[in-house]
Every structure is written in structure tokens, then in C-alpha cells.
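Next up, structure.cif (mmCIF, C-alpha atoms, pLDDT in the B column; chains and numbers go by the auth columns):
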data_my_file
#
loop_
_atom_site.group_PDB
_atom_site.id
_atom_site.type_symbol
_atom_site.label_atom_id
_atom_site.label_comp_id
_atom_site.label_asym_id
_atom_site.label_seq_id
_atom_site.Cartn_x
_atom_site.Cartn_y
_atom_site.Cartn_z
_atom_site.B_iso_or_equiv
_atom_site.auth_seq_id
_atom_site.auth_asym_id
ATOM 1 C CA MET A 1 7.425 -5.368 19.430 69.00 1069 A
ATOM 2 C CA LYS A 2 4.177 -4.251 17.842 92.00 1070 A
ATOM 3 C CA GLU A 3 5.431 -0.747 17.027 94.00 1071 A
ATOM 4 C CA LYS A 4 8.516 -2.051 15.207 95.00 1072 A
ATOM 5 C CA SER A 5 6.413 -4.461 13.130 96.00 1073 A
ATOM 6 C CA ILE A 6 4.001 -1.666 12.213 97.00 1074 A
ATOM 7 C CA GLN A 7 6.947 0.518 11.188 97.00 1075 A
ATOM 8 C CA LEU A 8 8.372 -2.242 8.950 97.00 1076 A
ATOM 9 C CA LEU A 9 4.969 -3.051 7.464 98.00 1077 A
ATOM 10 C CA ASN A 10 4.405 0.617 6.592 98.00 1078 A
ATOM 11 C CA LYS A 11 7.869 0.825 5.017 97.00 1079 A
ATOM 12 C CA ALA A 12 6.944 -2.197 2.900 98.00 1080 A
ATOM 13 C CA ILE A 13 3.674 -0.518 1.875 98.00 1081 A
ATOM 14 C CA SER A 14 5.626 2.566 0.841 97.00 1082 A
ATOM 15 C CA ASP A 15 7.980 0.507 -1.321 96.00 1083 A
ATOM 16 C CA GLU A 16 5.132 -1.534 -2.808 97.00 1084 A
ATOM 17 C CA LEU A 17 3.217 1.646 -3.706 97.00 1085 A
ATOM 18 C CA SER A 18 6.277 2.956 -5.510 97.00 1086 A
ATOM 19 C CA ALA A 19 6.552 -0.336 -7.392 97.00 1087 A
ATOM 20 C CA VAL A 20 2.868 -0.209 -8.395 98.00 1088 A
ATOM 21 C CA HIS A 21 3.263 3.315 -9.765 98.00 1089 A
ATOM 22 C CA GLN A 22 6.499 2.484 -11.594 98.00 1090 A
ATOM 23 C CA TYR A 23 5.191 -0.757 -13.109 98.00 1091 A
ATOM 24 C CA MET A 24 1.953 0.840 -14.257 98.00 1092 A
ATOM 25 C CA TYR A 25 3.989 3.591 -15.916 98.00 1093 A
ATOM 26 C CA PHE A 26 6.059 0.923 -17.684 98.00 1094 A
ATOM 27 C CA HIS A 27 2.846 -0.910 -18.596 98.00 1095 A
ATOM 28 C CA PHE A 28 1.395 2.211 -20.230 98.00 1096 A
ATOM 29 C CA LEU A 29 4.552 2.833 -22.267 97.00 1097 A
ATOM 30 C CA CYS A 30 4.949 -0.791 -23.378 96.00 1098 A
ATOM 31 C CA ASP A 31 1.265 -1.029 -24.231 94.00 1099 A
ATOM 32 C CA ASP A 32 1.474 2.163 -26.278 93.00 1100 A
ATOM 33 C CA GLN A 33 4.347 0.685 -28.291 92.00 1101 A
ATOM 34 C CA GLY A 34 2.557 -2.612 -28.887 89.00 1102 A
ATOM 35 C CA TYR A 35 4.806 -4.667 -26.608 93.00 1103 A
ATOM 36 C CA ASP A 36 1.920 -6.754 -25.315 90.00 1104 A
ATOM 37 C CA LEU A 37 3.969 -9.397 -23.487 92.00 1105 A
ATOM 38 C CA LEU A 38 5.962 -6.839 -21.547 95.00 1106 A
ATOM 39 C CA ALA A 39 2.948 -4.584 -20.976 95.00 1107 A
ATOM 40 C CA THR A 40 1.056 -7.527 -19.503 94.00 1108 A
ATOM 41 C CA LEU A 41 4.019 -8.534 -17.341 96.00 1109 A
ATOM 42 C CA PHE A 42 4.309 -5.043 -15.869 98.00 1110 A
ATOM 43 C CA LYS A 43 0.549 -4.753 -15.304 98.00 1111 A
ATOM 44 C CA THR A 44 0.278 -8.204 -13.721 98.00 1112 A
ATOM 45 C CA THR A 45 3.226 -7.486 -11.444 98.00 1113 A
ATOM 46 C CA ALA A 46 1.669 -4.153 -10.411 98.00 1114 A
ATOM 47 C CA ILE A 47 -1.561 -5.944 -9.505 98.00 1115 A
ATOM 48 C CA GLN A 48 0.366 -8.496 -7.450 97.00 1116 A
ATOM 49 C CA GLU A 49 2.148 -5.648 -5.667 97.00 1117 A
ATOM 50 C CA MET A 50 -1.268 -4.121 -4.887 98.00 1118 A
ATOM 51 C CA MET A 51 -2.268 -7.414 -3.319 98.00 1119 A
ATOM 52 C CA HIS A 52 0.873 -7.224 -1.176 98.00 1120 A
ATOM 53 C CA ILE A 53 -0.233 -3.785 0.021 98.00 1121 A
ATOM 54 C CA GLU A 54 -3.576 -5.228 1.052 98.00 1122 A
ATOM 55 C CA ILE A 55 -1.941 -8.038 3.052 98.00 1123 A
ATOM 56 C CA LEU A 56 0.438 -5.590 4.731 98.00 1124 A
ATOM 57 C CA ALA A 57 -2.356 -3.131 5.559 98.00 1125 A
ATOM 58 C CA GLU A 58 -4.529 -5.873 7.046 98.00 1126 A
ATOM 59 C CA ARG A 59 -1.681 -6.864 9.356 98.00 1127 A
ATOM 60 C CA ILE A 60 -1.102 -3.260 10.421 98.00 1128 A
ATOM 61 C CA LEU A 61 -4.772 -2.874 11.248 98.00 1129 A
ATOM 62 C CA PHE A 62 -4.734 -6.143 13.187 97.00 1130 A
ATOM 63 C CA LEU A 63 -1.830 -4.749 15.213 97.00 1131 A
ATOM 64 C CA LYS A 64 -3.933 -1.611 15.827 97.00 1132 A
ATOM 65 C CA GLY A 65 -1.599 0.585 13.801 97.00 1133 A
ATOM 66 C CA GLU A 66 -2.214 3.302 11.248 97.00 1134 A
ATOM 67 C CA VAL A 67 -1.729 2.418 7.578 98.00 1135 A
ATOM 68 C CA GLU A 68 0.491 4.976 5.850 96.00 1136 A
ATOM 69 C CA MET A 69 -0.184 5.185 2.106 95.00 1137 A
ATOM 70 C CA VAL A 70 2.804 7.200 0.923 93.00 1138 A
ATOM 71 C CA ALA A 71 4.999 6.011 -1.931 91.00 1139 A
ATOM 72 C CA SER A 72 8.702 5.972 -1.086 87.00 1140 A
ATOM 73 C CA GLU A 73 9.743 7.285 -4.515 87.00 1141 A
ATOM 74 C CA GLY A 74 8.289 9.040 -7.495 93.00 1142 A
ATOM 75 C CA VAL A 75 7.999 7.431 -10.904 96.00 1143 A
ATOM 76 C CA LYS A 76 11.172 7.454 -12.957 97.00 1144 A
ATOM 77 C CA LYS A 77 10.512 8.421 -16.581 97.00 1145 A
ATOM 78 C CA ILE A 78 12.281 5.544 -18.312 97.00 1146 A
ATOM 79 C CA HIS A 79 11.375 4.848 -21.937 96.00 1147 A
ATOM 80 C CA ASP A 80 13.971 2.257 -22.931 95.00 1148 A
ATOM 81 C CA VAL A 81 12.693 -1.301 -22.392 95.00 1149 A
ATOM 82 C CA ARG A 82 16.099 -2.618 -21.330 95.00 1150 A
ATOM 83 C CA GLU A 83 16.373 0.101 -18.698 97.00 1151 A
ATOM 84 C CA MET A 84 12.827 -0.698 -17.531 97.00 1152 A
ATOM 85 C CA LEU A 85 13.723 -4.350 -17.029 97.00 1153 A
ATOM 86 C CA VAL A 86 17.008 -3.530 -15.289 97.00 1154 A
ATOM 87 C CA MET A 87 15.234 -1.151 -12.921 98.00 1155 A
ATOM 88 C CA ALA A 88 12.426 -3.638 -12.262 98.00 1156 A
ATOM 89 C CA GLY A 89 14.952 -6.361 -11.475 97.00 1157 A
ATOM 90 C CA LYS A 90 16.808 -4.097 -9.057 97.00 1158 A
ATOM 91 C CA MET A 91 13.558 -3.093 -7.361 97.00 1159 A
ATOM 92 C CA GLU A 92 12.530 -6.725 -6.862 98.00 1160 A
ATOM 93 C CA GLU A 93 15.965 -7.754 -5.632 97.00 1161 A
ATOM 94 C CA SER A 94 16.037 -4.856 -3.188 97.00 1162 A
ATOM 95 C CA SER A 95 12.567 -5.734 -1.874 97.00 1163 A
ATOM 96 C CA ALA A 96 13.455 -9.401 -1.427 97.00 1164 A
ATOM 97 C CA ASN A 97 16.598 -8.446 0.505 98.00 1165 A
ATOM 98 C CA ALA A 98 14.729 -5.980 2.727 98.00 1166 A
ATOM 99 C CA TYR A 99 11.892 -8.417 3.422 98.00 1167 A
ATOM 100 C CA ASN A 100 14.398 -11.108 4.392 97.00 1168 A
ATOM 101 C CA LEU A 101 15.973 -8.751 6.911 97.00 1169 A
ATOM 102 C CA TRP A 102 12.610 -7.597 8.193 97.00 1170 A
ATOM 103 C CA ALA A 103 11.381 -11.186 8.611 97.00 1171 A
ATOM 104 C CA ASN A 104 14.398 -11.848 10.818 96.00 1172 A
ATOM 105 C CA GLU A 105 13.778 -8.649 12.755 95.00 1173 A
ATOM 106 C CA CYS A 106 10.152 -9.630 13.369 95.00 1174 A
ATOM 107 C CA SER A 107 11.320 -13.038 14.548 92.00 1175 A
ATOM 108 C CA GLN A 108 13.648 -11.396 17.063 93.00 1176 A
ATOM 109 C CA ASN A 109 10.676 -9.335 18.287 92.00 1177 A
ATOM 110 C CA ALA A 110 8.500 -12.440 18.765 93.00 1178 A
ATOM 111 C CA ASP A 111 6.121 -11.549 15.900 95.00 1179 A
ATOM 112 C CA SER A 112 5.983 -14.753 13.904 95.00 1180 A
ATOM 113 C CA ALA A 113 2.832 -13.799 11.967 97.00 1181 A
ATOM 114 C CA THR A 114 4.463 -10.691 10.478 97.00 1182 A
ATOM 115 C CA LYS A 115 7.622 -12.732 9.899 97.00 1183 A
ATOM 116 C CA LYS A 116 5.592 -15.196 7.803 97.00 1184 A
ATOM 117 C CA ILE A 117 4.113 -12.351 5.766 98.00 1185 A
ATOM 118 C CA PHE A 118 7.570 -11.034 4.932 98.00 1186 A
ATOM 119 C CA GLU A 119 8.802 -14.540 4.086 97.00 1187 A
ATOM 120 C CA THR A 120 5.910 -15.012 1.661 97.00 1188 A
ATOM 121 C CA LEU A 121 6.656 -11.640 0.094 98.00 1189 A
ATOM 122 C CA VAL A 122 10.289 -12.671 -0.395 97.00 1190 A
ATOM 123 C CA GLU A 123 9.106 -15.622 -2.485 97.00 1191 A
ATOM 124 C CA ASP A 124 6.865 -13.372 -4.591 97.00 1192 A
ATOM 125 C CA GLU A 125 9.569 -10.760 -5.124 97.00 1193 A
ATOM 126 C CA GLU A 126 12.082 -13.427 -6.142 97.00 1194 A
ATOM 127 C CA ARG A 127 9.566 -14.791 -8.654 97.00 1195 A
ATOM 128 C CA HIS A 128 9.036 -11.282 -10.047 97.00 1196 A
ATOM 129 C CA TYR A 129 12.804 -10.835 -10.280 97.00 1197 A
ATOM 130 C CA ASP A 130 13.060 -14.081 -12.221 96.00 1198 A
ATOM 131 C CA GLN A 131 10.324 -12.994 -14.659 96.00 1199 A
ATOM 132 C CA PHE A 132 12.091 -9.707 -15.379 97.00 1200 A
ATOM 133 C CA ASP A 133 15.412 -11.536 -15.687 96.00 1201 A
ATOM 134 C CA VAL A 134 13.937 -13.937 -18.276 94.00 1202 A
ATOM 135 C CA GLU A 135 12.680 -10.982 -20.319 94.00 1203 A
ATOM 136 C CA MET A 136 16.097 -9.330 -20.089 94.00 1204 A
ATOM 137 C CA GLU A 137 17.707 -12.539 -21.340 93.00 1205 A
ATOM 138 C CA ASN A 138 15.228 -12.637 -24.222 91.00 1206 A
ATOM 139 C CA LEU A 139 16.244 -9.115 -25.181 93.00 1207 A
ATOM 140 C CA LYS A 140 19.909 -10.067 -25.020 92.00 1208 A
ATOM 141 C CA LYS A 141 19.363 -13.177 -27.150 91.00 1209 A
ATOM 142 C CA PHE A 142 17.005 -11.731 -29.740 89.00 1210 A
ATOM 143 C CA GLY A 143 17.778 -8.021 -29.592 85.00 1211 A
ATOM 144 C CA ASP A 144 15.272 -5.520 -30.910 82.00 1212 A
ATOM 145 C CA ASN A 145 13.689 -8.326 -32.955 83.00 1213 A
ATOM 146 C CA TYR A 146 12.096 -9.486 -29.715 85.00 1214 A
ATOM 147 C CA LEU A 147 10.289 -6.159 -29.375 85.00 1215 A
ATOM 148 C CA ALA A 148 9.469 -5.987 -33.093 81.00 1216 A
ATOM 149 C CA LEU A 149 7.786 -9.389 -32.918 79.00 1217 A
ATOM 150 C CA GLN A 150 5.597 -8.200 -30.069 79.00 1218 A
ATOM 151 C CA SER A 151 4.531 -5.155 -32.109 70.00 1219 A
ATOM 152 C CA ILE A 152 3.808 -7.335 -35.151 72.00 1220 A
ATOM 153 C CA GLU A 153 1.638 -9.616 -33.042 67.00 1221 A
ATOM 154 C CA ARG A 154 -0.317 -6.571 -31.839 63.00 1222 A
ATOM 155 C CA SER A 155 -0.805 -5.430 -35.445 60.00 1223 A
ATOM 156 C CA LYS A 156 -2.100 -8.874 -36.389 61.00 1224 A
ATOM 157 C CA LYS A 157 -4.639 -8.781 -33.567 66.00 1225 A
ATOM 158 C CA VAL A 158 -5.788 -5.291 -34.492 59.00 1226 A
ATOM 159 C CA SER A 159 -6.234 -6.281 -38.140 61.00 1227 A
ATOM 160 C CA GLY A 160 -8.134 -9.406 -37.208 66.00 1228 A
ATOM 161 C CA GLY A 161 -5.195 -11.591 -38.119 56.00 1229 A
ATOM 162 C CA HIS A 162 -5.520 -10.959 -41.840 54.00 1230 A
ATOM 163 C CA PRO A 163 -2.237 -10.172 -43.589 54.00 1231 A
ATOM 164 C CA GLY A 164 -2.264 -6.916 -45.464 51.00 1232 A
ATOM 165 C CA THR A 165 -5.137 -5.325 -43.515 47.00 1233 A
ATOM 166 C CA LEU A 166 -4.644 -2.790 -40.794 47.00 1234 A
#
Let me see the structure of the file written as C-alpha cells.
Amino acid sequence: MKEKSIQLLNKAISDELSAVHQYMYFHFLCDDQGYDLLATLFKTTAIQEMMHIEILAERILFLKGEVEMVASEGVKKIHDVREMLVMAGKMEESSANAYNLWANECSQNADSATKKIFETLVEDEERHYDQFDVEMENLKKFGDNYLALQSIERSKKVSGGHPGTL
């Protein structure tokens, strides 16, 4: 029982680490282009994923296991915002599906505490998916104007909000 839960928890840590790395990469690129809303979304999501890692690691340690801190995948060099959002949505959907399965597996192994952790993570991952989906819909509705408006807002902040000064 305990060994299987530790294995699943470490797999989750691996996936969460990959998500942190990928979202921070997206954050850097969006921030560099002045897309403050998207940059903040990616950074905030990365921080929430880091908090997931902490919860997972604490459970592993409670079960007397070894925490494995190895990302499951390397960062994909995606520069197009639409592709970033599509990838982020797929990552969140995949995590939610895996955590649902793993919660059930922990239940079958009489580990209700780990099951609850995975169930909570499912809720978080579904919320992240929804946030990325909303941004994708905004891009579909408003096109590149949506990104241009974010850059303009950044320029206003940098200039102190005064038109004509940069």
C-alpha cells in the first residue's frame, strides 16, 4: 500500500516540476513581450504547482519514502501565445485525469489521506484548465488585439500613464 502511494506521489511531483518549469518559461516570454495578464497567469499557476509539490513531498515523507525531484519532461520552446495556452490546457487536463485515477488507486489500497490529496489536486488542475481555456477564448474572440492591448497597458504603466511619454 505505502509503496504504491509513494510511487504515485513521486510521479505527481515529477509532472508538477515539469509544469513549474514550463509555466515559468511561458511567464518569462509573455513578460518580455508585455503581456502582463498572461505573464501573471503563468507565474501564479507555476507558484500554485510549487505548492502542490510541497504537499506531495510532505505526504511522501510522512509515509517514510524518498522524495524524487526529477522533472518528467524538459521545457518545450514555444513562443506563440496560442500554442502556450493549448499546451497548458492539455497539461492541466492530463494532470486532472491522472490524479483522478491515482485517487481511485489509493482508495483501493486503503490510503484515504493520499486519495484526498489527489482529489484536491484534481480541483486545482481543473481550475487551472478553466483559466487557460478562458484566455484561449479571449484570443479567439479578440484575436491579436487582445495581446496588443496587454502590451499597450504595459507601456502606459512604464510611462507613468501619461500619453505620449515613454
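Distance-wise, CA of Ala1125 (chain A) and CA of Phe1186 (chain A) end up 12.7 Å apart.
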Excluding same-chain residues fewer than 3 positions from Glu1194 (chain A), what lies within 8 Å of it counting only C-alpha atoms, as a JSON list (two decimals) with C-alpha atoms, in the frame of the given file?
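Below is the file out.json, written as the result:
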[["chain", "number", "residue", "atom", "x", "y", "z"],
["A", 1160, "GLU", "CA", 12.53, -6.72, -6.86],
["A", 1161, "GLU", "CA", 15.96, -7.75, -5.63],
["A", 1164, "ALA", "CA", 13.46, -9.40, -1.43],
["A", 1190, "VAL", "CA", 10.29, -12.67, -0.40],
["A", 1191, "GLU", "CA", 9.11, -15.62, -2.48],
["A", 1197, "TYR", "CA", 12.80, -10.84, -10.28],
["A", 1198, "ASP", "CA", 13.06, -14.08, -12.22]]
Near region 1165-1174 of chain A, counting only C-alpha atoms, which residues have an atom at most 9 Å away, once you skip same-chain residues fewer than 5 positions from it, shown as a tab-separated table (two decimals) with C-alpha atoms, in the frame of the given file?
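Once everything was written out, this is selection.tsv:
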chain	number	residue	atom	x	y	z
A	1069	MET	CA	7.42	-5.37	19.43
A	1072	LYS	CA	8.52	-2.05	15.21
A	1073	SER	CA	6.41	-4.46	13.13
A	1076	LEU	CA	8.37	-2.24	8.95
A	1077	LEU	CA	4.97	-3.05	7.46
A	1080	ALA	CA	6.94	-2.20	2.90
A	1160	GLU	CA	12.53	-6.72	-6.86
A	1179	ASP	CA	6.12	-11.55	15.90
A	1180	SER	CA	5.98	-14.75	13.90
A	1181	ALA	CA	2.83	-13.80	11.97
A	1182	THR	CA	4.46	-10.69	10.48
A	1183	LYS	CA	7.62	-12.73	9.90
A	1184	LYS	CA	5.59	-15.20	7.80
A	1185	ILE	CA	4.11	-12.35	5.77
A	1186	PHE	CA	7.57	-11.03	4.93
A	1187	GLU	CA	8.80	-14.54	4.09
A	1189	LEU	CA	6.66	-11.64	0.09
A	1190	VAL	CA	10.29	-12.67	-0.40
| Selected residue, from A:Ala1087, A:Val1202, A:Leu1217, A:Met1137, that lies nearest to Phe1110 (chain A) when counting only C-alpha atoms | A:Ala1087
| request: Using the chain letters and numbers from the file, give me the residues hit by the PyMOL selection byres ((chain A and resi 1083) around 9), as a PyMOL selection string. | output: chain A and resi 1078-1082+1084-1088+1138-1141+1159+1163
Once you have the residues from the selection above, write them out as an mmCIF file, keeping the file's coordinate frame, restricted to C-alpha atoms.
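Printed below is selection.cif as written:
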data_model
loop_
_atom_site.group_PDB
_atom_site.id
_atom_site.type_symbol
_atom_site.label_atom_id
_atom_site.label_comp_id
_atom_site.auth_asym_id
_atom_site.auth_seq_id
_atom_site.Cartn_x
_atom_site.Cartn_y
_atom_site.Cartn_z
ATOM 1 C CA ASN A 1078 4.405 0.617 6.592
ATOM 2 C CA LYS A 1079 7.869 0.825 5.017
ATOM 3 C CA ALA A 1080 6.944 -2.197 2.900
ATOM 4 C CA ILE A 1081 3.674 -0.518 1.875
ATOM 5 C CA SER A 1082 5.626 2.566 0.841
ATOM 6 C CA GLU A 1084 5.132 -1.534 -2.808
ATOM 7 C CA LEU A 1085 3.217 1.646 -3.706
ATOM 8 C CA SER A 1086 6.277 2.956 -5.510
ATOM 9 C CA ALA A 1087 6.552 -0.336 -7.392
ATOM 10 C CA VAL A 1088 2.868 -0.209 -8.395
ATOM 11 C CA VAL A 1138 2.804 7.200 0.923
ATOM 12 C CA ALA A 1139 4.999 6.011 -1.931
ATOM 13 C CA SER A 1140 8.702 5.972 -1.086
ATOM 14 C CA GLU A 1141 9.743 7.285 -4.515
ATOM 15 C CA MET A 1159 13.558 -3.093 -7.361
ATOM 16 C CA SER A 1163 12.567 -5.734 -1.874
#
| field | Between CA of Gln1101 (chain A) and CA of Ser1219 (chain A), distance in Å (one decimal) | value | 7.0 Å
Using all atoms listed in the file and a cutoff of 12 Å, can you tell me which residues are near (12.1, -4.6, -23.9) in the file's coordinates, and write them out as a compact mmCIF listing (two decimals) with C-alpha atoms, in the frame of the given file?
# COMPACT_ATOMS: atom_id res chain seq x y z
CA PHE A 1094 6.06 0.92 -17.68
CA HIS A 1095 2.85 -0.91 -18.60
CA LEU A 1097 4.55 2.83 -22.27
CA CYS A 1098 4.95 -0.79 -23.38
CA ASP A 1099 1.26 -1.03 -24.23
CA GLN A 1101 4.35 0.68 -28.29
CA GLY A 1102 2.56 -2.61 -28.89
CA TYR A 1103 4.81 -4.67 -26.61
CA ASP A 1104 1.92 -6.75 -25.32
CA LEU A 1105 3.97 -9.40 -23.49
CA LEU A 1106 5.96 -6.84 -21.55
CA ALA A 1107 2.95 -4.58 -20.98
CA LEU A 1109 4.02 -8.53 -17.34
CA PHE A 1110 4.31 -5.04 -15.87
CA ILE A 1146 12.28 5.54 -18.31
CA HIS A 1147 11.38 4.85 -21.94
CA ASP A 1148 13.97 2.26 -22.93
CA VAL A 1149 12.69 -1.30 -22.39
CA ARG A 1150 16.10 -2.62 -21.33
CA GLU A 1151 16.37 0.10 -18.70
CA MET A 1152 12.83 -0.70 -17.53
CA LEU A 1153 13.72 -4.35 -17.03
CA VAL A 1154 17.01 -3.53 -15.29
CA MET A 1155 15.23 -1.15 -12.92
CA ALA A 1156 12.43 -3.64 -12.26
CA PHE A 1200 12.09 -9.71 -15.38
CA ASP A 1201 15.41 -11.54 -15.69
CA VAL A 1202 13.94 -13.94 -18.28
CA GLU A 1203 12.68 -10.98 -20.32
CA MET A 1204 16.10 -9.33 -20.09
CA GLU A 1205 17.71 -12.54 -21.34
CA ASN A 1206 15.23 -12.64 -24.22
CA LEU A 1207 16.24 -9.12 -25.18
CA LYS A 1208 19.91 -10.07 -25.02
CA LYS A 1209 19.36 -13.18 -27.15
CA PHE A 1210 17.00 -11.73 -29.74
CA GLY A 1211 17.78 -8.02 -29.59
CA ASP A 1212 15.27 -5.52 -30.91
CA ASN A 1213 13.69 -8.33 -32.96
CA TYR A 1214 12.10 -9.49 -29.72
CA LEU A 1215 10.29 -6.16 -29.38
CA ALA A 1216 9.47 -5.99 -33.09
CA LEU A 1217 7.79 -9.39 -32.92
CA GLN A 1218 5.60 -8.20 -30.07
CA SER A 1219 4.53 -5.16 -32.11
Find the smallest box with edges along x, y and z containing every listed atom of region 1141-1155 of chain A, then add 5 Å on each side and report centre and edge lengths in Å to one decimal, as lines of an AutoDock Vina configuration file.
center_x = 12.5
center_y = 2.3
center_z = -13.7
size_x = 19.0
size_y = 23.4
size_z = 28.4
| note | Separating CA of Ala1178 (chain A) from CA of Met1118 (chain A), to the nearest tenth of an Å, is a gap of 26.9 Å
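Of the listed residues (A:Ala1114, A:Ile1220, A:Ile1074, A:Val1135), A:Ala1114 comes nearest to Glu1193 (chain A); the distances count only C-alpha atoms.
Taking all atoms listed in the file into account, Lys1145 (chain A) lies nearest to A:His1089 out of the set A:His1089, A:Arg1127, A:Arg1195, A:Lys1111.
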| said: Taking all atoms listed in the file into account, name the residue in A:Thr1108, A:Gln1199, A:Thr1113, A:Ser1175 that is nearest to Gln1090 (chain A). | reply: A:Thr1113
